[in-house]
>>> print(open('run-v9.cif').read())   # mmCIF, C-alpha atoms
data_protein
#
loop_
_atom_site.label_atom_id
_atom_site.label_comp_id
_atom_site.auth_asym_id
_atom_site.auth_seq_id
_atom_site.Cartn_x
_atom_site.Cartn_y
_atom_site.Cartn_z
CA MET A 166 -21.71 11.65 -32.94
CA THR A 167 -23.78 8.48 -33.16
CA SER A 168 -25.16 8.06 -36.64
CA ALA A 169 -28.86 7.52 -37.11
CA PHE A 170 -27.90 4.83 -39.61
CA LEU A 171 -26.84 2.61 -36.71
CA ALA A 172 -30.44 2.56 -35.55
CA PHE A 173 -31.75 1.70 -39.02
CA PRO A 174 -29.71 -1.21 -40.38
CA SER A 175 -32.04 -1.38 -43.39
CA SER A 176 -30.79 2.05 -44.56
CA PRO A 177 -29.19 1.90 -48.03
CA PHE A 178 -26.06 3.37 -46.45
CA ALA A 179 -25.82 0.88 -43.56
CA ALA A 180 -22.91 -0.97 -45.21
CA LEU A 181 -20.83 2.23 -45.05
CA VAL A 182 -21.28 2.82 -41.31
CA PRO A 183 -18.32 0.57 -40.33
CA TYR A 184 -16.14 2.78 -42.54
CA GLY A 185 -17.18 6.00 -40.78
CA TRP A 186 -20.38 7.03 -42.57
CA ASP A 187 -22.64 9.27 -40.48
CA ASP A 188 -25.48 11.77 -40.79
CA VAL A 189 -23.15 14.64 -41.70
CA TRP A 190 -21.66 12.70 -44.61
CA ALA A 191 -25.21 11.80 -45.67
CA ASP A 192 -26.13 15.49 -45.78
CA GLU A 193 -22.98 16.30 -47.77
CA PHE A 194 -23.76 13.54 -50.25
CA ALA A 195 -27.47 14.31 -50.66
CA PRO A 196 -27.11 16.50 -53.81
CA TYR A 197 -25.16 13.73 -55.56
CA ALA A 198 -27.66 11.06 -54.55
CA THR A 199 -30.33 12.89 -56.57
CA GLU A 200 -28.04 12.54 -59.62
CA GLY A 201 -27.91 8.79 -59.20
CA LEU A 202 -24.28 8.75 -58.05
CA LEU A 203 -22.99 6.17 -55.62
CA ALA A 204 -21.48 7.07 -52.22
CA GLY A 205 -18.30 5.37 -51.11
CA ARG A 206 -15.01 5.68 -49.26
CA VAL A 207 -11.64 5.36 -50.96
CA ILE A 208 -9.69 2.47 -49.46
CA ARG A 209 -6.75 2.45 -51.89
CA VAL A 210 -5.31 4.66 -54.64
CA ASP A 211 -2.76 3.70 -57.28
CA ARG A 212 -1.92 4.65 -60.86
CA GLY A 213 -4.79 7.04 -61.41
CA GLN A 214 -7.39 4.61 -60.13
CA CYS A 215 -8.84 3.80 -56.74
CA ASP A 216 -10.74 1.09 -54.90
CA VAL A 217 -13.93 2.43 -53.32
CA VAL A 218 -16.06 0.59 -50.78
CA THR A 219 -19.72 1.27 -51.59
CA THR A 220 -23.13 -0.18 -50.84
CA ASP A 221 -22.61 -2.26 -54.00
CA GLY A 222 -19.32 -3.66 -52.70
CA VAL A 223 -15.78 -2.60 -53.60
CA LEU A 224 -15.57 -0.88 -56.99
CA ARG A 225 -12.60 0.12 -59.13
CA ALA A 226 -12.91 3.70 -60.36
CA ASP A 227 -10.88 6.19 -62.37
CA THR A 228 -9.69 9.32 -60.53
CA ALA A 229 -8.52 11.46 -63.46
CA PHE A 230 -11.78 13.42 -63.52
CA VAL A 231 -10.88 15.14 -60.21
CA THR A 232 -8.25 17.88 -60.89
CA PRO A 233 -5.34 15.52 -61.60
CA ASN A 234 -2.73 18.30 -61.87
CA ASP A 235 -3.12 19.62 -58.33
CA PRO A 236 -1.44 17.31 -55.76
CA MET A 237 -3.54 18.84 -52.99
CA ARG A 238 -6.84 18.08 -54.72
CA VAL A 239 -6.31 14.59 -56.04
CA VAL A 240 -8.39 11.76 -54.64
CA CYS A 241 -6.63 10.12 -51.70
CA THR A 242 -7.18 7.25 -49.27
CA GLY A 243 -9.84 8.18 -46.73
CA ASP A 244 -11.84 10.44 -49.05
CA TRP A 245 -15.61 10.08 -49.24
CA VAL A 246 -16.53 10.26 -52.91
CA ALA A 247 -19.41 10.34 -55.37
CA VAL A 248 -18.93 7.65 -58.02
CA GLU A 249 -20.40 7.58 -61.51
CA HIS A 250 -21.01 3.85 -61.69
CA ALA A 251 -23.37 3.41 -64.63
CA GLY A 252 -20.77 3.44 -67.39
CA ASN A 253 -17.52 1.64 -68.07
CA PRO A 254 -15.08 2.62 -66.81
CA ARG A 255 -16.52 3.93 -63.58
CA TYR A 256 -15.06 7.20 -62.33
CA VAL A 257 -15.03 9.43 -59.27
CA ARG A 258 -17.06 12.57 -59.97
CA THR A 259 -15.87 14.43 -56.85
CA TYR A 260 -14.88 13.98 -53.24
CA LEU A 261 -16.85 15.40 -50.32
CA PRO A 262 -15.34 18.29 -48.29
CA ARG A 263 -12.55 16.92 -46.11
CA ARG A 264 -12.82 17.25 -42.35
CA THR A 265 -9.08 16.76 -41.84
CA ALA A 266 -6.10 16.18 -44.13
CA PHE A 267 -2.59 14.93 -43.39
CA VAL A 268 -0.21 16.85 -45.67
CA ARG A 269 3.56 16.95 -46.05
CA SER A 270 5.79 18.78 -48.51
CA THR A 271 6.77 16.79 -51.58
CA SER A 272 10.20 15.25 -51.84
CA SER A 273 10.86 17.43 -54.86
CA LYS A 274 12.27 20.94 -54.59
CA ARG A 275 9.03 22.41 -55.84
CA SER A 276 6.82 24.19 -53.36
CA GLU A 277 4.01 21.68 -53.39
CA GLY A 278 2.20 19.76 -50.70
CA GLN A 279 1.31 16.08 -50.87
CA ILE A 280 -1.84 14.84 -49.18
CA LEU A 281 -1.32 11.46 -47.54
CA ALA A 282 -4.72 10.72 -45.98
CA ALA A 283 -8.06 12.43 -45.50
CA ASN A 284 -10.80 12.50 -42.86
CA VAL A 285 -8.56 11.15 -40.12
CA ASP A 286 -9.49 11.33 -36.43
CA TYR A 287 -6.26 9.89 -34.95
CA ALA A 288 -2.71 10.21 -36.28
CA VAL A 289 -0.75 7.28 -34.85
CA VAL A 290 3.00 7.88 -34.94
CA ALA A 291 4.83 4.55 -34.72
CA VAL A 292 8.32 4.74 -33.17
CA SER A 293 10.46 1.62 -32.90
CA LEU A 294 12.19 0.86 -29.60
CA ALA A 295 14.67 -1.32 -31.51
CA LEU A 296 16.70 1.85 -32.08
CA GLU A 297 17.74 4.85 -30.03
CA LEU A 298 14.87 7.32 -29.85
CA ASP A 299 15.05 10.14 -32.39
CA LEU A 300 13.03 12.76 -30.52
CA GLY A 301 13.50 15.32 -33.26
CA ARG A 302 11.79 13.05 -35.77
CA VAL A 303 8.96 12.42 -33.30
CA GLU A 304 8.47 16.19 -33.00
CA ARG A 305 8.40 16.52 -36.79
CA PHE A 306 5.70 13.85 -37.19
CA LEU A 307 3.68 15.41 -34.37
CA ALA A 308 3.80 18.86 -35.97
CA LEU A 309 2.23 17.45 -39.13
CA ALA A 310 -0.26 15.45 -37.10
CA TRP A 311 -1.47 18.45 -35.09
CA GLU A 312 -1.66 20.57 -38.24
CA SER A 313 -3.88 17.97 -39.91
CA GLY A 314 -6.62 18.47 -37.35
CA ALA A 315 -6.35 14.91 -36.06
CA GLN A 316 -5.51 13.86 -32.49
CA PRO A 317 -1.91 12.54 -32.37
CA LEU A 318 -0.97 9.36 -30.55
CA VAL A 319 2.58 8.00 -30.20
CA VAL A 320 2.92 4.22 -30.20
CA LEU A 321 6.29 2.83 -29.09
CA THR A 322 6.51 -0.44 -31.02
CA LYS A 323 8.62 -3.51 -30.26
CA ALA A 324 8.34 -2.86 -26.52
CA ASP A 325 9.26 -6.50 -25.90
CA LEU A 326 12.85 -5.55 -26.83
CA VAL A 327 13.00 -3.47 -23.62
CA PRO A 328 12.24 -6.11 -20.96
CA ASP A 329 13.31 -3.92 -18.03
CA ALA A 330 10.21 -2.09 -16.81
CA ALA A 331 12.17 0.83 -15.35
CA THR A 332 14.02 1.45 -18.61
CA LEU A 333 10.79 1.25 -20.59
CA GLY A 334 9.20 3.72 -18.19
CA HIS A 335 12.03 6.20 -18.70
CA LEU A 336 11.68 5.92 -22.49
CA VAL A 337 7.96 6.59 -22.26
CA GLN A 338 8.64 9.64 -20.06
CA ASP A 339 11.20 10.98 -22.56
CA VAL A 340 8.63 10.83 -25.33
CA GLU A 341 5.89 12.30 -23.15
CA LYS A 342 8.10 15.33 -22.46
CA THR A 343 8.60 15.66 -26.20
CA ALA A 344 4.89 15.32 -26.93
CA PRO A 345 2.86 17.49 -24.53
CA GLY A 346 -0.82 16.64 -24.64
CA VAL A 347 -0.22 13.43 -26.62
CA PRO A 348 -0.87 9.92 -25.26
CA VAL A 349 2.21 7.66 -25.44
CA LEU A 350 1.58 3.91 -25.48
CA PRO A 351 4.22 1.14 -25.56
CA VAL A 352 3.05 -1.93 -27.46
CA SER A 353 4.40 -5.28 -28.57
CA SER A 354 2.70 -6.76 -31.60
CA SER A 355 4.43 -10.11 -31.10
CA ALA A 356 3.53 -10.39 -27.42
CA GLY A 357 0.17 -8.67 -27.71
CA GLU A 358 1.02 -6.11 -25.02
CA GLY A 359 -0.87 -2.82 -25.19
CA LEU A 360 -2.91 -3.83 -28.22
CA ASP A 361 -6.23 -3.95 -26.36
CA VAL A 362 -5.80 -0.37 -25.14
CA LEU A 363 -4.77 0.84 -28.59
CA ALA A 364 -7.67 -0.96 -30.28
CA ALA A 365 -10.12 0.63 -27.83
CA VAL A 366 -8.81 4.10 -28.66
CA LEU A 367 -8.88 3.55 -32.42
CA SER A 368 -12.39 2.09 -32.39
CA GLY A 369 -13.77 5.61 -32.17
CA GLY A 370 -13.00 6.73 -35.73
CA THR A 371 -10.48 6.74 -38.55
CA SER A 372 -6.76 6.43 -37.79
CA VAL A 373 -3.69 6.83 -39.97
CA LEU A 374 -0.54 4.88 -39.12
CA LEU A 375 2.66 6.87 -39.70
CA GLY A 376 6.36 6.29 -39.23
CA GLN A 377 9.62 5.30 -40.86
CA SER A 378 10.00 2.02 -42.69
CA GLY A 379 11.04 -0.59 -40.16
CA ALA A 380 8.99 0.97 -37.36
CA GLY A 381 6.68 -2.06 -37.29
CA LYS A 382 3.62 -0.41 -38.81
CA SER A 383 2.52 -3.33 -40.98
CA THR A 384 3.06 -5.81 -38.12
CA LEU A 385 1.01 -3.54 -35.87
CA ALA A 386 -1.74 -3.26 -38.50
CA ASN A 387 -1.90 -7.06 -38.81
CA ALA A 388 -2.08 -7.44 -35.02
CA LEU A 389 -4.93 -4.93 -34.77
CA ILE A 390 -6.88 -6.50 -37.62
CA GLY A 391 -6.26 -10.05 -36.43
CA GLU A 392 -4.95 -11.44 -39.68
CA ASP A 393 -1.97 -11.00 -42.00
CA VAL A 394 -3.36 -8.51 -44.49
CA MET A 395 -0.16 -6.46 -44.77
CA ASP A 396 3.16 -7.81 -46.07
CA VAL A 397 5.89 -7.80 -43.42
CA ARG A 398 9.65 -8.04 -43.89
CA ALA A 399 12.41 -8.06 -41.29
CA ALA A 400 14.16 -4.80 -40.52
CA ARG A 401 17.92 -4.60 -41.06
CA ASP A 402 19.88 -5.23 -37.89
CA VAL A 403 22.37 -2.45 -38.67
CA ASP A 404 19.91 0.42 -38.58
CA GLY A 405 16.49 -1.08 -37.88
CA LYS A 406 15.14 0.08 -41.22
CA GLY A 407 12.95 -2.08 -43.37
CA ARG A 408 12.09 -1.98 -47.03
CA HIS A 409 8.83 -0.38 -48.06
CA THR A 410 6.64 -3.42 -47.54
CA THR A 411 3.60 -1.15 -47.73
CA THR A 412 3.70 0.68 -51.08
CA THR A 413 0.22 2.19 -51.09
CA ARG A 414 -2.10 3.68 -48.49
CA ASN A 415 -4.72 1.12 -47.52
CA LEU A 416 -7.85 1.71 -45.47
CA LEU A 417 -8.77 -1.33 -43.40
CA ALA A 418 -11.79 -1.97 -41.16
CA LEU A 419 -10.87 -2.97 -37.60
CA PRO A 420 -12.79 -5.85 -36.00
CA GLY A 421 -13.48 -3.86 -32.83
CA GLY A 422 -14.72 -0.80 -34.72
CA GLY A 423 -13.01 2.05 -36.50
CA VAL A 424 -10.84 1.98 -39.60
CA LEU A 425 -7.07 2.17 -40.03
CA ILE A 426 -5.06 3.69 -42.89
CA ASP A 427 -1.64 2.09 -43.17
CA THR A 428 0.96 4.13 -45.05
CA PRO A 429 4.35 3.41 -46.63
CA GLY A 430 7.36 4.23 -44.49
CA LEU A 431 8.22 7.91 -44.80
CA ARG A 432 11.90 8.68 -45.27
CA GLY A 433 11.28 12.38 -45.83
CA VAL A 434 8.86 14.15 -43.53
CA GLY A 435 8.83 17.73 -44.74
CA LEU A 436 6.60 20.30 -43.09
CA TRP A 437 3.87 21.94 -45.12
CA ASP A 438 2.57 25.24 -43.73
CA ALA A 439 2.53 23.73 -40.25
CA GLU A 440 3.10 26.75 -38.00
CA THR A 441 0.12 25.89 -35.81
CA GLY A 442 1.28 22.29 -35.52
CA VAL A 443 4.81 23.33 -34.55
CA GLY A 444 3.39 25.63 -31.90
CA GLN A 445 1.29 22.79 -30.50
CA VAL A 446 4.29 20.43 -30.28
CA PHE A 447 6.31 23.05 -28.46
CA SER A 448 3.46 24.46 -26.41
CA GLU A 449 5.69 24.97 -23.37
CA ILE A 450 7.97 27.26 -25.41
CA GLU A 451 4.99 29.19 -26.76
CA GLY A 452 3.78 29.58 -23.17
CA LEU A 453 7.15 30.86 -21.99
CA ALA A 454 7.32 33.28 -24.93
CA ALA A 455 4.27 35.10 -23.58
CA ASP A 456 6.50 36.41 -20.75
CA CYS A 457 9.30 37.70 -23.02
CA ARG A 458 10.00 41.42 -22.84
CA PHE A 459 9.42 41.86 -26.58
CA HIS A 460 6.35 40.42 -28.26
CA ASP A 461 8.37 39.58 -31.40
CA CYS A 462 11.24 37.99 -29.47
CA ALA A 463 13.19 35.50 -31.59
CA HIS A 464 14.64 33.79 -28.48
CA GLU A 465 18.18 34.23 -29.77
CA ALA A 466 19.92 36.88 -27.62
CA GLU A 467 17.23 39.42 -26.76
CA PRO A 468 17.21 40.90 -23.25
CA GLY A 469 14.34 39.78 -21.07
CA CYS A 470 13.77 36.57 -23.05
CA ALA A 471 11.81 34.18 -20.84
CA VAL A 472 12.62 31.23 -23.14
CA LEU A 473 16.39 31.69 -22.85
CA ALA A 474 16.01 32.17 -19.11
CA ALA A 475 14.23 28.81 -18.93
CA VAL A 476 17.10 27.18 -20.82
CA ASP A 477 19.66 28.76 -18.48
CA SER A 478 17.78 27.54 -15.42
CA GLY A 479 17.42 24.02 -16.79
CA VAL A 480 13.62 24.19 -16.98
CA LEU A 481 13.69 23.96 -20.80
CA PRO A 482 16.11 21.52 -22.47
CA GLU A 483 18.36 23.23 -24.98
CA ARG A 484 17.62 20.44 -27.43
CA ARG A 485 13.91 21.37 -27.43
CA LEU A 486 14.66 25.00 -28.25
CA ALA A 487 17.06 24.00 -31.04
CA SER A 488 14.43 21.66 -32.52
CA TYR A 489 11.77 24.37 -32.26
CA ARG A 490 13.95 26.85 -34.13
CA LYS A 491 14.80 24.28 -36.80
CA LEU A 492 11.19 23.36 -37.54
CA LEU A 493 10.08 27.00 -37.55
CA ARG A 494 12.83 27.93 -40.02
CA GLU A 495 11.95 25.01 -42.27
CA ASN A 496 8.28 25.89 -42.19
CA GLN A 497 9.02 29.54 -42.99
CA ARG A 498 11.06 28.47 -46.02
CA ILE A 499 8.20 26.34 -47.29
CA VAL A 500 5.70 29.18 -46.82
CA ALA A 501 8.07 31.61 -48.55
CA LYS A 502 8.45 29.23 -51.50
CA THR A 503 4.71 28.84 -51.72
CA ASP A 504 4.17 32.58 -51.65
CA ALA A 505 6.88 33.03 -54.29
CA ARG A 506 5.18 30.45 -56.49
CA VAL A 507 1.85 32.22 -56.10
CA ARG A 508 3.46 35.55 -56.93
CA ALA A 509 5.08 34.04 -60.03
CA GLU A 510 1.74 32.62 -61.13
CA ILE A 511 0.12 36.02 -60.68
CA ARG A 512 2.88 37.70 -62.70
CA ARG A 513 2.46 35.15 -65.49
CA ASP A 514 -1.27 35.78 -65.45
CA TRP A 515 -0.72 39.53 -65.66
CA LYS A 516 1.66 39.09 -68.61
CA ARG A 517 -0.82 36.82 -70.38
CA LYS A 518 -3.69 39.24 -69.88
CA GLY A 519 -1.46 42.15 -70.91
CA ALA A 520 -0.47 40.35 -74.10
CA GLU A 521 -4.11 39.55 -74.85
CA GLY A 522 -5.02 43.19 -74.23
CA ARG A 523 -2.30 44.48 -76.56
CA ALA A 524 -3.29 41.98 -79.23
CA ALA A 525 -6.91 43.12 -78.97
CA MET A 526 -5.86 46.76 -79.17
CA ASP A 527 -3.68 46.07 -82.21
CA ALA A 528 -6.60 44.33 -83.88
CA LYS A 529 -8.84 47.34 -83.25
CA ARG A 530 -6.20 49.70 -84.61
CA GLY A 531 -5.93 47.54 -87.70
CA ARG A 532 -9.66 47.90 -88.24
CA TRP A 533 -9.47 51.66 -87.70
CA HIS A 534 -6.89 51.94 -90.44
#
>>> encode(input="run-v9.cif", output="structure tokens")
Amino acid sequence: MTSAFLAFPSSPFAALVPYGWDDVWADEFAPYATEGLLAGRVIRVDRGQCDVVTTDGVLRADTAFVTPNDPMRVVCTGDWVAVEHAGNPRYVRTYLPRRTAFVRSTSSKRSEGQILAANVDYAVVAVSLALELDLGRVERFLALAWESGAQPLVVLTKADLVPDAATLGHLVQDVEKTAPGVPVLPVSSSAGEGLDVLAAVLSGGTSVLLGQSGAGKSTLANALIGEDVMDVRAARDVDGKGRHTTTTRNLLALPGGGVLIDTPGLRGVGLWDAETGVGQVFSEIEGLAADCRFHDCAHEAEPGCAVLAAVDSGVLPERRLASYRKLLRENQRIVAKTDARVRAEIRRDWKRKGAEGRAAMDAKRGRWH
């Protein structure tokens, strides 16, 4: 949607338009405007504080006011927020309802999700061609991307390391088969190849850049922005991995339009209630499953299984089915843990209320006697 603010550069919110402000955000913010709060977008979060770009410039604000104990409701990069800016320190009063959210499970064994970025239109998965393609990891990133509500895009970085056009074409085709419905674009940040196409796509909204450390994300971000705003260090030759040169999530305005959120390299990419996303990544398997004899077919050894028949005939690679099963099992474990945690919280609440009820009853009995 084209914002009306583009037609009225004198609007008090005009400075926020390059960061994605539009009429819908204006409507969401209207109640807070009457309270004298300041609208802004979070461009960086660290140590309980955040940098917010506002009509008054970039402000530093405290985030502790917004449910600090819930990792799914903390302020994150990409949020549109209402800032209390009159006092010192300034603080974020609340964030506006998120349109999309990129969430993974935490690295801990607790059943919690971690929100990485909010209000994202494109999830750009960076995959380095300096190493052998790990298609399973690509599928994992794509499952989270689809689940977020954003449009995934796979960028094959360091394409200059594959000078043979035929070989590069085969690599692109391998990823395309792994990512149905997802554009796959080879780029070379050093040679500038593919950057114009990528910049044109990303100019239409907010993008988040995802991938392992060493995938070339910071180099790609610098190339898109046109200056060295992100620290870059060489990847190790032995495994292509780099150190976490990006340690926070930074929202950066692109010169050709749109904004980009660069993220630290993700070693662990755990699913978080991503059944829909998994189904989207493996849409061909979901389509085949519609022809199975049993509607609850597990595609293991059931008679009349259309998925197994496709594997036997060579139509469906066995690797794809194995990856599909793996991600579904992992997602089911996460959901089960979450449900168990909720049940435990309910039981604790029941016990607390029961204890309060017994205490109240004992008090009444004491008065009766």
>>> atom_distance(input="run-v9.cif", atom1="atom CA of Ala364 of chain A", atom2="atom CA of Gly185 of chain A")
15.8 Å
>>> atom_distance(input="run-v9.cif", atom1="atom CA of Ala204 of chain A", atom2="atom CA of Val239 of chain A")
17.4 Å
>>> atom_distance(input="run-v9.cif", atom1="atom CA of Val182 of chain A", atom2="atom CA of Leu203 of chain A")
14.8 Å
>>> residues_around(input="run-v9.cif", residues="segment 416-424 of chain A", least_positions_apart="5", cutoff="7 Å", atoms="only C-alpha atoms", output="list in words")
Pro183, Tyr184, Ile208, Arg209, Thr242, Gly243, Ala364, Leu367, Ser368, Gly369, Gly370, Thr371, Ser372, Leu389 and Ile390 of chain A
>>> closest_residue(input="run-v9.cif", among="A:Asn415, A:Ser270, A:Ser354, A:Thr441", to="Glu312 of chain A", atoms="all atoms listed in the file")
A:Thr441
>>> closest_residue(input="run-v9.cif", among="A:Asn253, A:Ser313, A:Ser353, A:Thr322", to="Ala295 of chain A", atoms="all atoms listed in the file")
A:Thr322
>>> residues_around(input="run-v9.cif", residues="Asp192 of chain A", least_positions_apart="5", cutoff="12 Å", atoms="all atoms listed in the file", output="PDB file with C-alpha atoms, in the coordinates of the input")
ATOM      1  CA  SER A 168     -25.160   8.060 -36.640  1.00  0.00           C
ATOM      2  CA  TRP A 186     -20.380   7.030 -42.570  1.00  0.00           C
ATOM      3  CA  ASP A 187     -22.640   9.270 -40.480  1.00  0.00           C
ATOM      4  CA  TYR A 197     -25.160  13.730 -55.560  1.00  0.00           C
ATOM      5  CA  ALA A 198     -27.660  11.060 -54.550  1.00  0.00           C
ATOM      6  CA  THR A 199     -30.330  12.890 -56.570  1.00  0.00           C
ATOM      7  CA  ALA A 204     -21.480   7.070 -52.220  1.00  0.00           C
ATOM      8  CA  LEU A 261     -16.850  15.400 -50.320  1.00  0.00           C
ATOM      9  CA  PRO A 262     -15.340  18.290 -48.290  1.00  0.00           C
TER      10      PRO A 262
END
>>> resolve_selection(input="run-v9.cif", expression="the PyMOL selection byres ((chain A and resi 247) around 7)", output="number ranges by chain")
A: 197, 202-205, 246, 248-249, 257-260
>>> closest_residue(input="run-v9.cif", among="A:Ala330, A:Lys382, A:Gly346, A:Val480", to="Ser293 of chain A", atoms="all atoms listed in the file")
A:Lys382
>>> closest_residue(input="run-v9.cif", among="A:Pro236, A:Arg225, A:Asp325, A:Ala439", to="Glu495 of chain A", atoms="all atoms listed in the file")
A:Ala439
>>> closest_residue(input="run-v9.cif", among="A:Gln214, A:Thr384, A:Ser448, A:Ser378", to="Ala226 of chain A", atoms="only C-alpha atoms")
A:Gln214
>>> residues_around(input="run-v9.cif", residues="segment 282-290 of chain A", least_positions_apart="2", cutoff="9 Å", atoms="all atoms listed in the file", output="ChimeraX atom specification")
/A:241-245,263-268,280,292,303,306-307,310-311,313-321,366-367,369-376,414,426,428
>>> resolve_selection(input="run-v9.cif", expression="the PyMOL selection byres ((chain A and resi 485) around 10)", output="ChimeraX atom specification")
/A:300-301,304,342-343,447,449-450,476,481-484,486-491
>>> axis_aligned_box(input="run-v9.cif", around="segment 415-432 of chain A", padding_each_side="6 Å", output="lines of an AutoDock Vina configuration file")
center_x = -1.4
center_y = 1.4
center_z = -40.2
size_x = 38.6
size_y = 26.5
size_z = 26.7
>>> residues_around(input="run-v9.cif", residues="Ala388 of chain A", least_positions_apart="2", cutoff="9 Å", atoms="only C-alpha atoms", output="PyMOL selection string")
chain A and resi 354-355+357+360+383-386+390-393
>>> residues_around(input="run-v9.cif", residues="Cys462 of chain A", least_positions_apart="3", cutoff="12 Å", atoms="all atoms listed in the file", output="VMD selection string")
chain A and resid 450 to 451 453 to 459 465 to 473
>>> write_last_selection(input="run-v9.cif", atoms="C-alpha atoms", output="short mmCIF file (atom, residue, chain, number, x, y, z; two decimals), in the coordinates of the input")
data_model
loop_
_atom_site.label_atom_id
_atom_site.label_comp_id
_atom_site.auth_asym_id
_atom_site.auth_seq_id
_atom_site.Cartn_x
_atom_site.Cartn_y
_atom_site.Cartn_z
CA ILE A 450 7.97 27.26 -25.41
CA GLU A 451 4.99 29.19 -26.76
CA LEU A 453 7.15 30.86 -21.99
CA ALA A 454 7.32 33.28 -24.93
CA ALA A 455 4.27 35.10 -23.58
CA ASP A 456 6.50 36.41 -20.75
CA CYS A 457 9.30 37.70 -23.02
CA ARG A 458 10.00 41.42 -22.84
CA PHE A 459 9.42 41.86 -26.58
CA GLU A 465 18.18 34.23 -29.77
CA ALA A 466 19.92 36.88 -27.62
CA GLU A 467 17.23 39.42 -26.76
CA PRO A 468 17.21 40.90 -23.25
CA GLY A 469 14.34 39.78 -21.07
CA CYS A 470 13.77 36.57 -23.05
CA ALA A 471 11.81 34.18 -20.84
CA VAL A 472 12.62 31.23 -23.14
CA LEU A 473 16.39 31.69 -22.85
#
